[in-house]
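Okay, my_file01.cif is below, mmCIF, C-alpha atoms and all ligand atoms:
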```cif
data_my_file
#
loop_
_atom_site.label_atom_id
_atom_site.label_comp_id
_atom_site.auth_asym_id
_atom_site.auth_seq_id
_atom_site.Cartn_x
_atom_site.Cartn_y
_atom_site.Cartn_z
CA MET A 20 -19.76 31.53 -80.74
CA HIS A 21 -16.12 31.35 -79.89
CA ASP A 22 -13.81 30.65 -82.74
CA MET A 23 -11.87 27.47 -82.01
CA LYS A 24 -9.88 27.70 -85.26
CA SER A 25 -7.03 29.62 -83.75
CA ILE A 26 -6.81 27.19 -80.81
CA GLU A 27 -6.85 24.25 -83.20
CA ALA A 28 -3.98 25.88 -85.08
CA HIS A 29 -1.97 25.97 -81.85
CA ILE A 30 -2.70 22.31 -81.15
CA LYS A 31 -1.63 21.45 -84.71
CA SER A 32 1.62 23.36 -84.41
CA PHE A 33 2.32 21.54 -81.15
CA GLU A 34 1.60 18.16 -82.80
CA SER A 35 3.97 18.96 -85.68
CA TYR A 36 6.68 19.98 -83.22
CA LEU A 37 6.17 16.72 -81.34
CA GLU A 38 6.34 14.68 -84.53
CA LYS A 39 9.47 16.40 -85.75
CA GLU A 40 11.16 15.73 -82.41
CA THR A 41 10.79 11.90 -82.45
CA ILE A 42 10.82 11.92 -78.67
CA PHE A 43 11.62 8.26 -78.00
CA PRO A 44 14.19 6.01 -79.76
CA LYS A 45 12.57 3.94 -82.51
CA ASN A 46 14.90 0.99 -82.93
CA ARG A 47 16.12 0.07 -79.51
CA LEU A 48 14.54 -1.10 -76.27
CA ARG A 49 11.18 -1.49 -77.91
CA ASN A 50 9.71 -3.04 -74.77
CA LEU A 51 10.21 0.27 -73.00
CA TYR A 52 9.75 2.81 -75.77
CA GLU A 53 6.88 1.31 -77.74
CA PRO A 54 4.44 1.79 -74.82
CA CYS A 55 5.71 5.37 -74.42
CA THR A 56 5.09 6.15 -78.09
CA TYR A 57 1.76 4.29 -78.03
CA PHE A 58 0.56 6.43 -75.19
CA LEU A 59 1.96 9.80 -76.19
CA SER A 60 0.82 9.59 -79.79
CA ASN A 61 -2.74 8.61 -78.90
CA ALA A 62 -3.38 12.29 -78.40
CA GLY A 63 -5.48 13.56 -75.55
CA LYS A 64 -6.86 17.06 -75.56
CA ARG A 65 -3.36 18.61 -75.28
CA ILE A 66 -4.78 21.31 -72.99
CA ARG A 67 -1.58 21.92 -71.05
CA PRO A 68 0.85 22.43 -73.95
CA THR A 69 -1.78 24.59 -75.64
CA LEU A 70 -2.06 26.75 -72.52
CA CYS A 71 1.72 27.05 -72.48
CA LEU A 72 1.74 28.30 -76.07
CA LEU A 73 -1.15 30.67 -75.36
CA GLY A 74 0.67 32.00 -72.28
CA ALA A 75 3.78 32.57 -74.39
CA GLU A 76 1.93 34.20 -77.27
CA LEU A 77 0.65 36.97 -75.02
CA PHE A 78 4.20 38.36 -75.02
CA GLY A 79 5.26 37.99 -78.63
CA PRO A 80 5.79 35.35 -81.32
CA ILE A 81 6.00 31.84 -79.82
CA SER A 82 9.66 30.92 -79.36
CA ASP A 83 11.35 27.51 -79.59
CA ASP A 84 11.79 27.73 -75.82
CA ALA A 85 8.00 27.81 -75.44
CA PHE A 86 7.63 24.74 -77.69
CA ASN A 87 10.23 22.85 -75.68
CA ILE A 88 8.43 23.70 -72.46
CA ALA A 89 5.14 22.57 -74.03
CA VAL A 90 6.70 19.21 -74.94
CA GLY A 91 8.17 18.81 -71.45
CA ILE A 92 4.80 19.58 -69.87
CA GLU A 93 2.90 17.10 -72.04
CA LEU A 94 5.51 14.41 -71.27
CA PHE A 95 5.16 15.07 -67.56
CA HIS A 96 1.35 14.99 -67.82
CA ASN A 97 1.47 11.66 -69.70
CA PHE A 98 3.77 10.24 -67.05
CA THR A 99 1.26 11.19 -64.33
CA LEU A 100 -1.53 9.49 -66.30
CA LEU A 101 0.42 6.23 -66.73
CA HIS A 102 0.94 6.01 -62.98
CA ASP A 103 -2.55 7.36 -62.18
CA ASP A 104 -4.15 4.54 -64.18
CA ILE A 105 -2.20 1.98 -62.17
CA MET A 106 -3.20 3.66 -58.92
CA ASP A 107 -6.86 3.97 -59.97
CA GLU A 108 -6.94 0.51 -61.62
CA ALA A 109 -8.38 2.10 -64.76
CA PRO A 110 -8.97 -0.15 -67.79
CA LEU A 111 -9.47 2.53 -70.44
CA ARG A 112 -7.75 5.81 -71.36
CA ARG A 113 -8.28 7.95 -74.43
CA GLY A 114 -10.55 5.21 -75.75
CA GLU A 115 -7.80 2.56 -75.63
CA THR A 116 -6.64 -0.11 -73.20
CA THR A 117 -4.48 1.42 -70.47
CA VAL A 118 -0.73 0.81 -70.68
CA HIS A 119 -0.54 -1.33 -67.54
CA LEU A 120 -3.23 -3.66 -68.88
CA LYS A 121 -1.75 -3.81 -72.36
CA TYR A 122 1.93 -4.18 -71.43
CA GLY A 123 1.87 -5.07 -67.71
CA THR A 124 2.31 -2.94 -64.61
CA PRO A 125 6.15 -3.13 -64.36
CA ILE A 126 6.47 -1.72 -67.87
CA ALA A 127 3.86 0.97 -67.22
CA ILE A 128 5.78 2.07 -64.12
CA LEU A 129 9.08 2.27 -65.98
CA ALA A 130 7.54 3.91 -69.06
CA GLY A 131 6.11 6.58 -66.73
CA ASP A 132 9.47 7.04 -65.00
CA VAL A 133 11.39 7.42 -68.22
CA MET A 134 8.80 9.86 -69.60
CA SER A 135 9.14 12.07 -66.57
CA ILE A 136 12.91 12.13 -67.06
CA TYR A 137 12.52 12.87 -70.77
CA SER A 138 10.50 15.91 -69.75
CA TYR A 139 13.70 17.35 -68.20
CA LYS A 140 15.48 16.85 -71.49
CA TYR A 141 13.08 19.43 -72.93
CA PHE A 142 13.04 21.81 -69.96
CA THR A 143 16.84 21.99 -70.07
CA LYS A 144 16.83 22.99 -73.75
CA VAL A 145 15.62 26.49 -72.91
CA SER A 146 17.85 29.59 -72.89
CA PRO A 147 20.27 29.67 -69.93
CA SER A 148 18.84 33.02 -68.80
CA VAL A 149 15.45 31.45 -67.93
CA MET A 150 16.42 27.83 -67.21
CA SER A 151 16.82 28.16 -63.47
CA LYS A 152 13.36 29.76 -63.13
CA VAL A 153 11.85 27.12 -65.41
CA LEU A 154 13.32 24.27 -63.38
CA SER A 155 12.45 25.69 -59.97
CA THR A 156 8.85 26.40 -61.06
CA PHE A 157 8.55 22.94 -62.55
CA ASN A 158 10.08 21.09 -59.58
CA LYS A 159 7.87 22.82 -57.03
CA MET A 160 4.80 21.97 -59.10
CA ALA A 161 5.82 18.35 -59.73
CA ILE A 162 6.28 17.70 -56.01
CA GLU A 163 2.83 19.17 -55.36
CA VAL A 164 1.25 16.88 -57.98
CA CYS A 165 2.67 13.84 -56.15
CA GLU A 166 1.37 15.22 -52.85
CA GLY A 167 -2.08 15.68 -54.37
CA GLN A 168 -2.07 12.16 -55.76
CA GLN A 169 -1.21 10.75 -52.32
CA LEU A 170 -4.04 12.76 -50.72
CA ASP A 171 -6.41 11.45 -53.40
CA MET A 172 -5.49 7.88 -52.40
CA ASP A 173 -5.54 8.64 -48.66
CA PHE A 174 -9.07 9.99 -49.03
CA GLU A 175 -10.27 6.67 -50.51
CA GLN A 176 -9.90 5.24 -47.00
CA ARG A 177 -11.65 8.11 -45.24
CA ASP A 178 -15.29 9.02 -44.83
CA ASP A 179 -14.95 12.45 -43.27
CA VAL A 180 -13.24 14.43 -46.02
CA SER A 181 -14.34 18.06 -45.99
CA ILE A 182 -14.95 20.22 -49.04
CA GLU A 183 -11.91 22.32 -48.10
CA GLU A 184 -9.71 19.21 -47.98
CA TYR A 185 -11.09 18.04 -51.31
CA LEU A 186 -10.43 21.43 -52.94
CA GLU A 187 -6.85 21.46 -51.64
CA MET A 188 -6.34 17.91 -52.96
CA ILE A 189 -7.49 18.82 -56.50
CA ARG A 190 -5.50 22.05 -56.41
CA LEU A 191 -2.40 19.94 -55.84
CA LYS A 192 -3.06 16.99 -58.14
CA THR A 193 -4.43 18.96 -61.09
CA SER A 194 -4.53 22.76 -60.87
CA VAL A 195 -0.88 23.49 -60.17
CA LEU A 196 0.17 21.81 -63.43
CA ILE A 197 -2.34 23.85 -65.41
CA GLY A 198 -1.15 26.99 -63.58
CA ALA A 199 2.49 26.16 -64.31
CA SER A 200 1.72 25.48 -67.99
CA LEU A 201 0.45 29.01 -68.47
CA LYS A 202 3.09 30.55 -66.26
CA LEU A 203 6.02 28.79 -67.91
CA GLY A 204 4.82 30.08 -71.28
CA GLY A 205 5.23 33.56 -69.80
CA VAL A 206 8.55 32.76 -68.09
CA VAL A 207 10.34 31.93 -71.35
CA GLN A 208 9.00 35.11 -72.97
CA ASN A 209 10.17 37.30 -70.09
CA ALA A 210 6.80 38.32 -68.69
CA THR A 211 6.88 40.49 -65.53
CA GLU A 212 6.46 38.98 -62.04
CA ASP A 213 2.96 40.45 -61.80
CA GLN A 214 1.96 38.94 -65.12
CA LEU A 215 3.39 35.55 -64.09
CA LYS A 216 1.40 35.61 -60.86
CA ASN A 217 -1.69 36.51 -62.84
CA LEU A 218 -1.10 33.64 -65.30
CA ASN A 219 -0.54 31.18 -62.49
CA SER A 220 -3.74 32.08 -60.64
CA LEU A 221 -5.69 31.99 -63.87
CA GLY A 222 -4.36 28.46 -64.47
CA ILE A 223 -5.21 27.41 -60.91
CA ASP A 224 -8.83 28.57 -61.30
CA LEU A 225 -9.13 26.92 -64.71
CA GLY A 226 -7.61 23.79 -63.20
CA MET A 227 -10.12 23.69 -60.36
CA ALA A 228 -12.99 23.99 -62.86
CA PHE A 229 -11.24 21.37 -65.01
CA GLN A 230 -10.95 18.75 -62.24
CA LEU A 231 -14.50 19.40 -61.02
CA LYS A 232 -15.68 18.82 -64.59
CA ASP A 233 -13.53 15.67 -64.76
CA ASP A 234 -15.25 14.41 -61.61
CA TYR A 235 -18.65 15.29 -63.07
CA LEU A 236 -17.88 13.49 -66.33
CA ASP A 237 -16.55 10.42 -64.51
CA THR A 238 -20.11 9.78 -63.34
CA PHE A 239 -22.27 11.53 -65.94
CA GLY A 240 -20.10 11.41 -69.08
CA LEU A 241 -20.38 8.90 -71.91
CA LYS A 242 -17.71 6.26 -72.36
CA GLU A 243 -17.42 7.06 -76.08
CA GLU A 244 -16.86 10.73 -75.30
CA ILE A 245 -14.62 10.62 -72.25
CA GLY A 246 -12.59 7.62 -73.49
CA LYS A 247 -12.57 6.26 -69.93
CA LEU A 248 -14.82 3.78 -68.16
CA PRO A 249 -17.45 5.90 -66.38
CA GLY A 250 -18.05 5.18 -62.70
CA GLY A 251 -14.36 4.70 -61.89
CA ASP A 252 -14.48 7.21 -59.04
CA ILE A 253 -17.42 5.38 -57.46
CA ARG A 254 -15.70 2.01 -57.86
CA SER A 255 -12.56 3.39 -56.15
CA HIS A 256 -14.52 5.14 -53.42
CA LYS A 257 -13.02 8.49 -54.43
CA LYS A 258 -13.97 11.52 -52.39
CA THR A 259 -15.19 13.87 -55.08
CA TYR A 260 -17.31 16.98 -54.72
CA LEU A 261 -20.27 14.83 -55.82
CA TYR A 262 -19.59 12.38 -53.02
CA ILE A 263 -19.12 14.98 -50.30
CA VAL A 264 -22.25 16.99 -51.14
CA ALA A 265 -24.40 13.86 -51.51
CA GLN A 266 -23.07 12.46 -48.24
CA THR A 267 -23.97 15.67 -46.41
CA LEU A 268 -27.48 15.82 -47.90
CA ILE A 269 -28.37 12.15 -47.56
CA GLN A 270 -26.92 11.56 -44.15
CA LYS A 271 -29.11 14.27 -42.72
CA GLU A 272 -32.18 12.38 -43.94
CA ASN A 273 -31.24 8.75 -43.78
CA PRO A 274 -27.68 7.67 -43.00
CA THR A 275 -28.30 3.94 -43.47
CA LEU A 276 -29.46 4.38 -47.09
CA TRP A 277 -26.13 5.97 -48.01
CA GLU A 278 -24.05 3.33 -46.24
CA GLU A 279 -26.08 0.54 -47.79
CA ALA A 280 -25.43 1.87 -51.28
CA TRP A 281 -21.66 1.90 -50.73
CA ALA A 282 -21.76 -1.59 -49.27
CA ILE A 283 -23.19 -3.13 -52.46
CA GLU A 284 -20.75 -5.80 -53.61
CA ASP A 285 -21.69 -5.92 -57.28
CA GLU A 286 -19.79 -3.02 -58.85
CA VAL A 287 -22.27 -2.35 -61.67
CA GLU A 288 -25.14 -2.25 -59.24
CA LYS A 289 -23.22 0.00 -56.85
CA VAL A 290 -22.35 2.49 -59.59
CA GLU A 291 -26.00 2.56 -60.68
CA LYS A 292 -27.32 3.04 -57.16
CA VAL A 293 -24.87 5.79 -56.20
CA THR A 294 -25.39 7.58 -59.53
CA GLN A 295 -29.13 7.51 -58.86
CA PHE A 296 -28.52 9.12 -55.46
CA PHE A 297 -26.45 11.84 -57.11
CA LYS A 298 -29.34 12.47 -59.51
CA ASP A 299 -32.11 12.33 -56.91
CA TYR A 300 -30.34 14.83 -54.70
CA LYS A 301 -29.42 16.99 -57.71
CA VAL A 302 -25.77 16.88 -56.79
CA ASP A 303 -24.92 17.35 -60.48
CA GLU A 304 -26.40 20.85 -60.23
CA TYR A 305 -24.19 21.67 -57.24
CA ILE A 306 -21.05 20.62 -59.04
CA LEU A 307 -21.96 22.48 -62.24
CA LYS A 308 -22.54 25.60 -60.14
CA MET A 309 -19.11 25.20 -58.53
CA ILE A 310 -17.55 24.83 -62.00
CA GLU A 311 -19.24 28.07 -63.01
CA ASP A 312 -17.91 29.85 -59.92
CA TYR A 313 -14.32 28.88 -60.71
CA SER A 314 -14.80 29.74 -64.36
CA LYS A 315 -16.05 33.17 -63.36
CA LYS A 316 -12.90 33.69 -61.31
CA ALA A 317 -10.85 32.57 -64.30
CA PHE A 318 -12.58 35.09 -66.58
CA GLU A 319 -11.83 37.82 -64.03
CA GLU A 320 -8.15 36.88 -64.18
CA ILE A 321 -8.29 37.01 -67.96
CA ALA A 322 -9.87 40.47 -67.76
CA LEU A 323 -6.97 41.62 -65.55
CA LEU A 324 -4.46 40.44 -68.15
CA GLU A 325 -6.42 42.20 -70.86
CA LYS A 326 -6.45 45.40 -68.84
CA SER A 327 -2.67 45.31 -68.71
CA GLY A 328 -2.70 45.59 -72.49
CA LEU A 329 -2.48 41.94 -73.60
CA ASN A 330 -4.58 40.30 -76.30
CA THR A 331 -6.43 37.58 -74.40
CA LYS A 332 -8.92 36.51 -77.06
CA ASN A 333 -7.48 33.00 -77.47
CA LEU A 334 -7.30 32.44 -73.73
CA GLU A 335 -10.95 33.36 -73.48
CA THR A 336 -11.86 30.93 -76.24
CA LEU A 337 -9.97 28.11 -74.55
CA ALA A 338 -11.53 28.87 -71.17
CA ASN A 339 -14.99 28.72 -72.77
CA TYR A 340 -14.18 25.43 -74.45
CA LEU A 341 -13.01 23.94 -71.13
CA LEU A 342 -16.19 25.09 -69.45
CA ASN A 343 -18.42 23.44 -72.05
CA ARG A 344 -16.45 20.27 -72.81
CA GLN A 345 -18.14 16.88 -72.70
CA HIS A 346 -14.94 14.84 -72.88
C1 LIG A 401 -6.71 13.90 -67.18
O1 LIG A 401 -6.33 15.02 -67.89
C2 LIG A 401 -6.20 14.02 -65.79
C3 LIG A 401 -6.83 15.09 -65.02
C4 LIG A 401 -6.16 15.99 -64.40
C5 LIG A 401 -8.27 15.14 -64.90
P1 LIG A 401 -6.91 15.30 -69.36
O2 LIG A 401 -8.39 15.17 -69.35
O3 LIG A 401 -6.34 16.59 -69.83
O4 LIG A 401 -6.29 14.10 -70.20
P2 LIG A 401 -5.94 14.01 -71.76
O5 LIG A 401 -4.50 14.38 -71.88
O6 LIG A 401 -6.84 14.96 -72.50
O7 LIG A 401 -6.18 12.58 -72.11
C1 LIG A 402 -5.77 12.62 -62.16
O1 LIG A 402 -6.98 12.68 -61.57
C2 LIG A 402 -4.77 13.63 -61.69
C3 LIG A 402 -3.43 13.29 -62.14
C4 LIG A 402 -3.15 12.42 -63.05
C5 LIG A 402 -2.31 13.98 -61.53
P1 LIG A 402 -8.03 11.54 -62.01
O2 LIG A 402 -7.61 10.21 -61.52
O3 LIG A 402 -9.38 12.03 -61.69
O4 LIG A 402 -7.84 11.59 -63.61
P2 LIG A 402 -8.59 10.61 -64.62
O5 LIG A 402 -10.06 10.77 -64.36
O6 LIG A 402 -8.10 9.24 -64.35
O7 LIG A 402 -8.21 11.14 -65.99
MG MG A 403 -6.52 9.50 -59.91
MG MG A 404 -7.60 8.36 -62.61
MG MG A 405 -11.10 11.60 -62.94
#
```

Give the structure from this file in structure tokens form.
Amino acid sequence: MHDMKSIEAHIKSFESYLEKETIFPKNRLRNLYEPCTYFLSNAGKRIRPTLCLLGAELFGPISDDAFNIAVGIELFHNFTLLHDDIMDEAPLRRGETTVHLKYGTPIAILAGDVMSIYSYKYFTKVSPSVMSKVLSTFNKMAIEVCEGQQLDMDFEQRDDVSIEEYLEMIRLKTSVLIGASLKLGGVVQNATEDQLKNLNSLGIDLGMAFQLKDDYLDTFGLKEEIGKLPGGDIRSHKKTYLYIVAQTLIQKENPTLWEEAWAIEDEVEKVEKVTQFFKDYKVDEYILKMIEDYSKKAFEEIALLEKSGLNTKNLETLANYLLNRQH
């Protein structure tokens, strides 16, 4: 069994830092800041800030710089979710009504915008000696996330998305942020270029496994556990690994069956029918295998870091938790 206690301690220390900071003004512009606070304080898993702290800890006691980066990263992540839920027309997030449904889309857009700008407030708190590297790493990543999100939407309209295209899309929309979270933890603690590269590729592999698992849970997870409405990817006609593998398998046998399922007007019925296809063709096993492959690569990256003399026990624990999560 992997001991999650140490990871939980990191999450707790991040939460206390967040609380102490009072990120958004309390007594002015409530229409803008209340939704921001509502969303940020309904904590998600806090994977990215935790990875940032774990990346930093490899090189010495966690500095204030690392905490500020962790806050900036979580703000940026929350901004992407506010806009993602508008784009994906999602009704539920972290077990609560999404911000655009609770407060309206114009407010959700602006709350997301202001959160992304607040993230810079935290990135620019770091020591001048590392700030330029922090900002250039962050900016490159943030542009890639937007590119990935556009590809994700473009693919909704297409029926010929390849596995390679899908993997590149999830690398951009999800993995690069997880890679940057780990890497930035190292940047502010003056890790070497080799170590930073190593941290980044570890994060990318973890991120690939993470998004594949997210896609798996979107269809096979429980609403109470994932805090989202399952079946959202099917409703939005998302091109996930599940979709692409099932399409390849079913179309070989009977192309009309597949098309008929997607043409079903009633959304509940469509989700049921497509999920049944995924089960019948054991597509869930394919995706779980792919998750394992990326996790294996991640553990190899961790082993490399360990070989260079770093204590990677906590990273290993977190990687195992991500692999086994049901939410
Ligand atoms: C959701 O991320 C967006 C994806 C990249 C899949 P998380 O699953 O980490 O969301 P929270 O922060 O824990 O709610
Ligand atoms: C989200 O991907 C990626 C980003 C927010 C950048 P999803 O759309 O799959 O995330 P969920 O499932 O809504 O959390
Ligand atoms: Mg999305
Ligand atoms: Mg979404
Ligand atoms: Mg998803």

- [ ] Please extract the residues at most 6 Å from ligand LIG 401 (chain A), counting all atoms listed in the file, and provide them as a count of residues only, using the chain letters and residue numbers of this document.
- [x] 8

Open item on the list: Show me which residues line ligand MG 403 (chain A), defined as having an atom within 8 Å of a ligand atom where all atoms listed in the file count, and present them as a ChimeraX atom specification.
Closed with: /A:103-104,106-107,168,171-172

Task: Best match for closeness to ligand MG 404 (chain A) among A:Asp285, A:Glu212, A:Glu108, A:Glu335, counting all atoms listed in the file - done: A:Glu108

Task: For atom CA of A:Leu51 and atom C5 of ligand LIG 402 (chain A), the interatomic separation in Å (one decimal) - done: 21.8 Å

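If you measure from each of A:Met23, A:Leu307, A:Leu73, A:Val207 to A:Val145 using only C-alpha atoms, the closest one turns out to be A:Val207.
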
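For the set A:Lys292, A:Lys257, A:Lys271, A:Lys232, the residue with the smallest atom-to-atom gap to A:Ser314 is A:Lys232, counting all atoms listed in the file.
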
- [ ] Provide the atom CA of A:Gly205 to atom CA of A:Ala62 distance in Å, to one decimal place.
- [x]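 Computing it gives 24.5 Å between the two atoms.
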
At most 12 Å from (-2.2, 22.0, -69.1), file frame, all atoms listed in the file: which residues, as a PDB file with C-alpha atoms, in the coordinates of the input?
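To be explicit, this is the file written out as part.pdb:
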```pdb
ATOM      1  CA  GLY A  63      -5.480  13.560 -75.550  1.00  0.00           C
ATOM      2  CA  LYS A  64      -6.860  17.060 -75.560  1.00  0.00           C
ATOM      3  CA  ARG A  65      -3.360  18.610 -75.280  1.00  0.00           C
ATOM      4  CA  ILE A  66      -4.780  21.310 -72.990  1.00  0.00           C
ATOM      5  CA  ARG A  67      -1.580  21.920 -71.050  1.00  0.00           C
ATOM      6  CA  PRO A  68       0.850  22.430 -73.950  1.00  0.00           C
ATOM      7  CA  THR A  69      -1.780  24.590 -75.640  1.00  0.00           C
ATOM      8  CA  LEU A  70      -2.060  26.750 -72.520  1.00  0.00           C
ATOM      9  CA  CYS A  71       1.720  27.050 -72.480  1.00  0.00           C
ATOM     10  CA  LEU A  72       1.740  28.300 -76.070  1.00  0.00           C
ATOM     11  CA  LEU A  73      -1.150  30.670 -75.360  1.00  0.00           C
ATOM     12  CA  GLY A  74       0.670  32.000 -72.280  1.00  0.00           C
ATOM     13  CA  ILE A  88       8.430  23.700 -72.460  1.00  0.00           C
ATOM     14  CA  ALA A  89       5.140  22.570 -74.030  1.00  0.00           C
ATOM     15  CA  VAL A  90       6.700  19.210 -74.940  1.00  0.00           C
ATOM     16  CA  GLY A  91       8.170  18.810 -71.450  1.00  0.00           C
ATOM     17  CA  ILE A  92       4.800  19.580 -69.870  1.00  0.00           C
ATOM     18  CA  GLU A  93       2.900  17.100 -72.040  1.00  0.00           C
ATOM     19  CA  LEU A  94       5.510  14.410 -71.270  1.00  0.00           C
ATOM     20  CA  PHE A  95       5.160  15.070 -67.560  1.00  0.00           C
ATOM     21  CA  HIS A  96       1.350  14.990 -67.820  1.00  0.00           C
ATOM     22  CA  ASN A  97       1.470  11.660 -69.700  1.00  0.00           C
ATOM     23  CA  THR A 193      -4.430  18.960 -61.090  1.00  0.00           C
ATOM     24  CA  SER A 194      -4.530  22.760 -60.870  1.00  0.00           C
ATOM     25  CA  VAL A 195      -0.880  23.490 -60.170  1.00  0.00           C
ATOM     26  CA  LEU A 196       0.170  21.810 -63.430  1.00  0.00           C
ATOM     27  CA  ILE A 197      -2.340  23.850 -65.410  1.00  0.00           C
ATOM     28  CA  GLY A 198      -1.150  26.990 -63.580  1.00  0.00           C
ATOM     29  CA  ALA A 199       2.490  26.160 -64.310  1.00  0.00           C
ATOM     30  CA  SER A 200       1.720  25.480 -67.990  1.00  0.00           C
ATOM     31  CA  LEU A 201       0.450  29.010 -68.470  1.00  0.00           C
ATOM     32  CA  LYS A 202       3.090  30.550 -66.260  1.00  0.00           C
ATOM     33  CA  LEU A 203       6.020  28.790 -67.910  1.00  0.00           C
ATOM     34  CA  GLY A 204       4.820  30.080 -71.280  1.00  0.00           C
ATOM     35  CA  ASN A 219      -0.540  31.180 -62.490  1.00  0.00           C
ATOM     36  CA  LEU A 221      -5.690  31.990 -63.870  1.00  0.00           C
ATOM     37  CA  GLY A 222      -4.360  28.460 -64.470  1.00  0.00           C
ATOM     38  CA  ILE A 223      -5.210  27.410 -60.910  1.00  0.00           C
ATOM     39  CA  LEU A 225      -9.130  26.920 -64.710  1.00  0.00           C
ATOM     40  CA  GLY A 226      -7.610  23.790 -63.200  1.00  0.00           C
ATOM     41  CA  MET A 227     -10.120  23.690 -60.360  1.00  0.00           C
ATOM     42  CA  PHE A 229     -11.240  21.370 -65.010  1.00  0.00           C
ATOM     43  CA  GLN A 230     -10.950  18.750 -62.240  1.00  0.00           C
ATOM     44  CA  LEU A 337      -9.970  28.110 -74.550  1.00  0.00           C
ATOM     45  CA  ALA A 338     -11.530  28.870 -71.170  1.00  0.00           C
ATOM     46  CA  LEU A 341     -13.010  23.940 -71.130  1.00  0.00           C
TER      47      LEU A 341
END
```

- [ ] Return the single residue from A:Leu248, A:Cys165, A:Val149, A:Ala75 that is closest to ligand MG 404 (chain A), with distances computed using all atoms listed in the file.
- [x] A:Leu248

Task: Point-to-point distance in Å for atom CA of A:Phe98 and atom CA of A:Ser135 - done: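 Separation between atom CA of A:Ser135 and atom CA of A:Phe98: 5.7 Å.
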
Open item on the list: Which polymer residues, whether protein, DNA or RNA, lie within 10 Å of the coordinate (-14.4, 14.2, -70.6) when you count all atoms listed in the file? List them as an MDAnalysis selection string, using the chain letters and numbers from the file.
Closed with: chainID A and resid 64 113 229 232:237 239:247 249 341 344:346

Emit the selected residues as a PDB file, in the frame of the given file, including C-alpha atoms.
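Contents of the output file selection.pdb:
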```
ATOM      1  CA  LYS A  64      -6.860  17.060 -75.560  1.00  0.00           C
ATOM      2  CA  ARG A 113      -8.280   7.950 -74.430  1.00  0.00           C
ATOM      3  CA  PHE A 229     -11.240  21.370 -65.010  1.00  0.00           C
ATOM      4  CA  LYS A 232     -15.680  18.820 -64.590  1.00  0.00           C
ATOM      5  CA  ASP A 233     -13.530  15.670 -64.760  1.00  0.00           C
ATOM      6  CA  ASP A 234     -15.250  14.410 -61.610  1.00  0.00           C
ATOM      7  CA  TYR A 235     -18.650  15.290 -63.070  1.00  0.00           C
ATOM      8  CA  LEU A 236     -17.880  13.490 -66.330  1.00  0.00           C
ATOM      9  CA  ASP A 237     -16.550  10.420 -64.510  1.00  0.00           C
ATOM     10  CA  PHE A 239     -22.270  11.530 -65.940  1.00  0.00           C
ATOM     11  CA  GLY A 240     -20.100  11.410 -69.080  1.00  0.00           C
ATOM     12  CA  LEU A 241     -20.380   8.900 -71.910  1.00  0.00           C
ATOM     13  CA  LYS A 242     -17.710   6.260 -72.360  1.00  0.00           C
ATOM     14  CA  GLU A 243     -17.420   7.060 -76.080  1.00  0.00           C
ATOM     15  CA  GLU A 244     -16.860  10.730 -75.300  1.00  0.00           C
ATOM     16  CA  ILE A 245     -14.620  10.620 -72.250  1.00  0.00           C
ATOM     17  CA  GLY A 246     -12.590   7.620 -73.490  1.00  0.00           C
ATOM     18  CA  LYS A 247     -12.570   6.260 -69.930  1.00  0.00           C
ATOM     19  CA  PRO A 249     -17.450   5.900 -66.380  1.00  0.00           C
ATOM     20  CA  LEU A 341     -13.010  23.940 -71.130  1.00  0.00           C
ATOM     21  CA  ARG A 344     -16.450  20.270 -72.810  1.00  0.00           C
ATOM     22  CA  GLN A 345     -18.140  16.880 -72.700  1.00  0.00           C
ATOM     23  CA  HIS A 346     -14.940  14.840 -72.880  1.00  0.00           C
TER      24      HIS A 346
END
```

TODO: Have a look at A:Ile81, A:Ile253, A:Leu120, A:Ile310 and name the one nearest to A:Gln295; count all atoms listed in the file.
DONE: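 With all atoms listed in the file as the atom set, the closest residue is A:Ile253.
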
- [ ] Could you check which of A:Met188, A:Ile283, A:Leu231, A:Ile42 is closest to ligand MG 405 (chain A), using all atoms listed in the file?
- [x]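 Counting all atoms listed in the file, the residue closest to ligand MG 405 (chain A) is A:Leu231.
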
TODO: For A:Arg177, please output as a list in words all residues within 10 Å (counting only C-alpha atoms; exclusion window: fewer than 3 positions along the same chain).
DONE: Met172, Asp173, Phe174, Val180, His256, Lys257 and Lys258 of chain A

The selected residues should be written to file as a PDB file, keeping the file's coordinate frame (atoms: C-alpha atoms).
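So result.pdb came out as:
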```pdb
ATOM      1  CA  MET A 172      -5.490   7.880 -52.400  1.00  0.00           C
ATOM      2  CA  ASP A 173      -5.540   8.640 -48.660  1.00  0.00           C
ATOM      3  CA  PHE A 174      -9.070   9.990 -49.030  1.00  0.00           C
ATOM      4  CA  VAL A 180     -13.240  14.430 -46.020  1.00  0.00           C
ATOM      5  CA  HIS A 256     -14.520   5.140 -53.420  1.00  0.00           C
ATOM      6  CA  LYS A 257     -13.020   8.490 -54.430  1.00  0.00           C
ATOM      7  CA  LYS A 258     -13.970  11.520 -52.390  1.00  0.00           C
TER       8      LYS A 258
END
```

TODO: Skip A:Pro147 itself and residues of its chain fewer than 6 positions away, then list as a PyMOL selection string all residues within 12 Å of it, counting only C-alpha atoms.
DONE: chain A and resi 84+153-154+207

Selected residues, C-alpha atoms, written as a PDB file, in the coordinates of the input, please.
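Output contents, as saved in result16.pdb:
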```
ATOM      1  CA  ASP A  84      11.790  27.730 -75.820  1.00  0.00           C
ATOM      2  CA  VAL A 153      11.850  27.120 -65.410  1.00  0.00           C
ATOM      3  CA  LEU A 154      13.320  24.270 -63.380  1.00  0.00           C
ATOM      4  CA  VAL A 207      10.340  31.930 -71.350  1.00  0.00           C
TER       5      VAL A 207
END
```

- [ ] Name the residues in contact with stretch 24-29 of chain A at a cut-off of 7 Å, using all atoms listed in the file, excluding same-chain residues fewer than 2 positions from it; report them as an NGL selection string.
- [x] :A and (22 or 31-33 or 69 or 333)
